[in-house]
Each structure stands twice: as C-alpha cells, then as structure tokens.
Amino acid sequence: MADLTDYSGPLDSGLKHEDFSKGLLLKALVAYGHCIRVLDGTWYLAVERKLGDDLAFDCDRLVWDRMEVHDVEITRQLFDIKGDDVPALLKCLQMSPWTWSLECRVHLQEPSRGIWTVSHCPTLLAL
C-alpha cells in the first residue's frame with residue numbers, strides 16, 4: 001500500500017483504491033454518500049417540476065422502498081452485521097454511506113424498539 005494522500009501526480013494505470021491513505025478513502029466515502037443524497041434530491045425535483053409534488057413523493061417512496069432493501073443488504077455484508085432484529089437495523093443505519101451526510105444518532109430502548117433521530121438533513125433543508 002502506497003498510502004497516497006492525493007492523486008496529483010501523473011496518471012498511474014496500475015493504481016488501486018488500496019494505494020490511498022485511510023483518511024482520503026474516508027473522505028471519499030463521505031463525499032460519495034453526499035452524491036447519493038444529491039442524486040435523490042435532483043431526480044425528485046425533476047419529477048416535481050414536470051409532474052407535481054404528489055407524484056414526485058409517490059415515486060420517491062417507491063424508489064426508497066426498494067433501495068433501502070438493497071442498501072441494508074450491502075451494508076450487512078460489508079460490516080458482517082448479523083441478525084434481522086432492531087439492533088441489526090440500527091447498525092445498518094449507522095453504517096450506510098448515505099447517512100454519513102446526516103447528523104443522526106441511534107438509541108436502542110429495548111430489544112424490539114429503537115429510535116433513529118435525524119437532527120440535520122441537508123435534503124429536507126434544500127426542499
């Protein structure tokens with residue numbers, strides 16, 4: 001591992017993600033999480049402008065109902081999160097890249113009851 005902190009040098013045709021520092025890869029992960037949020041907001045606003053808010057909201061729900069299943073499964077695999085209970089879901093919410101652009105916290109009240117609190121959501125502020 002080269003531990004690069006940027007890619008300002010010449011093109012390296014053999015470059016791999018592993019060649020970068022952990023710090024830069026974490027910055028990239030947060031930035032890509034923001035891209036997911038911006039993409040969601042951008043297409044929502046496009047549908048809203050063309051077809052109205054009610055249809056945009058309906059489409060958003062349909063998309064995220066499917067996307068969340070995909071997101072949770074990928075996150076479970078990446079972080080080896082076991083179980084299909086509330087604590088496992090809260091772990092997935094904590095680790096999903098798109099939530100890294102939010103200010104949020106999780107709290108397990110009891111084994112079958114958890115709270116996910118979002119105190120700052122850039123998408124809602126933009127809308």
# chains A, B, ... in the order shown; residues from 1 in each chain; ligands from 1
>>> residues_around(residues="His17 of chain A", least_positions_apart="6", cutoff="12 Å", atoms="only C-alpha atoms", output="number ranges by chain")
A: 1-7, 24-26, 28-29
>>> select_by_dssp(residues="chain A", states="alpha helix (DSSP H)", output="PyMOL selection string")
chain A and resi 22-51+53-79+86-95+122-126
>>> residues_around(residues="Leu93 of chain A", least_positions_apart="6", cutoff="12 Å", atoms="only C-alpha atoms", output="list in words")
Glu68, Val69, Asp71, Val72, Glu73, Ile74, Thr75, Arg76, Phe79, Ile81, Val86, Pro87, Thr99, Trp100, Ser101, Leu102, Glu103, Cys104, Arg105, Val106, His107, Gly114, Ile115, Trp116, Thr117 and Val118 of chain A
>>> atom_distance(atom1="atom CA of Cys59 of chain A", atom2="atom CA of Trp43 of chain A")
9.9 Å
>>> select_by_dssp(residues="chain A", states="strand (DSSP E or B)", output="VMD selection string")
chain A and resid 4 20 103 to 110 113 to 120
>>> atom_distance(atom1="atom CA of Leu55 of chain A", atom2="atom CA of Tyr32 of chain A")
27.1 Å
>>> residues_around(residues="segment 35-41 of chain A", least_positions_apart="4", cutoff="10 Å", atoms="only C-alpha atoms", output="JSON, numbers by chain")
{"A": [29, 30, 31, 45, 46, 60, 63, 64, 97, 98, 99, 101, 102, 121, 122, 123, 124, 126, 127]}
>>> write_last_selection(atoms="N, CA and C atoms", output="tab-separated table (two decimals), in the first residue's frame")
chain	number	residue	atom	x	y	z
A	29	LEU	N	-15.54	8.32	0.90
A	29	LEU	CA	-16.77	7.64	1.29
A	29	LEU	C	-17.85	8.65	1.69
A	30	VAL	N	-17.48	9.64	2.48
A	30	VAL	CA	-18.44	10.68	2.88
A	30	VAL	C	-18.91	11.46	1.64
A	31	ALA	N	-17.98	11.80	0.75
A	31	ALA	CA	-18.34	12.53	-0.47
A	31	ALA	C	-19.29	11.72	-1.34
A	45	LEU	N	-36.69	16.60	-7.54
A	45	LEU	CA	-37.07	17.93	-8.01
A	45	LEU	C	-37.42	17.92	-9.50
A	46	ALA	N	-36.75	17.09	-10.29
A	46	ALA	CA	-37.06	17.00	-11.72
A	46	ALA	C	-38.47	16.45	-11.92
A	60	ASP	N	-40.69	8.79	-5.05
A	60	ASP	CA	-39.62	8.75	-4.05
A	60	ASP	C	-39.83	7.57	-3.09
A	63	VAL	N	-39.06	4.29	-4.93
A	63	VAL	CA	-37.61	4.12	-5.10
A	63	VAL	C	-36.96	3.71	-3.78
A	64	TRP	N	-37.25	4.45	-2.71
A	64	TRP	CA	-36.58	4.17	-1.44
A	64	TRP	C	-37.07	2.90	-0.77
A	97	PRO	N	-23.57	4.47	3.76
A	97	PRO	CA	-22.86	5.67	3.30
A	97	PRO	C	-23.74	6.91	3.18
A	98	TRP	N	-24.99	6.75	2.77
A	98	TRP	CA	-25.82	7.94	2.59
A	98	TRP	C	-26.17	8.59	3.91
A	99	THR	N	-26.14	7.88	5.02
A	99	THR	CA	-26.45	8.51	6.31
A	99	THR	C	-25.25	9.27	6.87
A	101	SER	N	-23.90	11.70	5.62
A	101	SER	CA	-24.05	13.12	5.35
A	101	SER	C	-25.13	13.74	6.25
A	102	LEU	N	-25.69	12.94	7.13
A	102	LEU	CA	-26.71	13.42	8.07
A	102	LEU	C	-26.09	13.58	9.46
A	121	CYS	N	-30.77	17.22	8.24
A	121	CYS	CA	-30.89	16.53	6.95
A	121	CYS	C	-30.78	17.58	5.84
A	122	PRO	N	-29.66	17.59	5.13
A	122	PRO	CA	-29.49	18.57	4.05
A	122	PRO	C	-30.57	18.49	2.98
A	123	THR	N	-31.09	17.30	2.70
A	123	THR	CA	-32.13	17.17	1.68
A	123	THR	C	-33.39	17.90	2.10
A	124	LEU	N	-33.82	17.69	3.34
A	124	LEU	CA	-35.02	18.39	3.81
A	124	LEU	C	-34.81	19.89	3.84
A	126	ALA	N	-32.92	21.56	1.81
A	126	ALA	CA	-32.93	22.03	0.43
A	126	ALA	C	-34.35	22.11	-0.12
A	127	LEU	N	-35.21	21.20	0.33
A	127	LEU	CA	-36.59	21.21	-0.17
A	127	LEU	C	-37.39	22.30	0.51
>>> atom_distance(atom1="atom CA of Phe57 of chain A", atom2="atom CA of Tyr44 of chain A")
7.6 Å
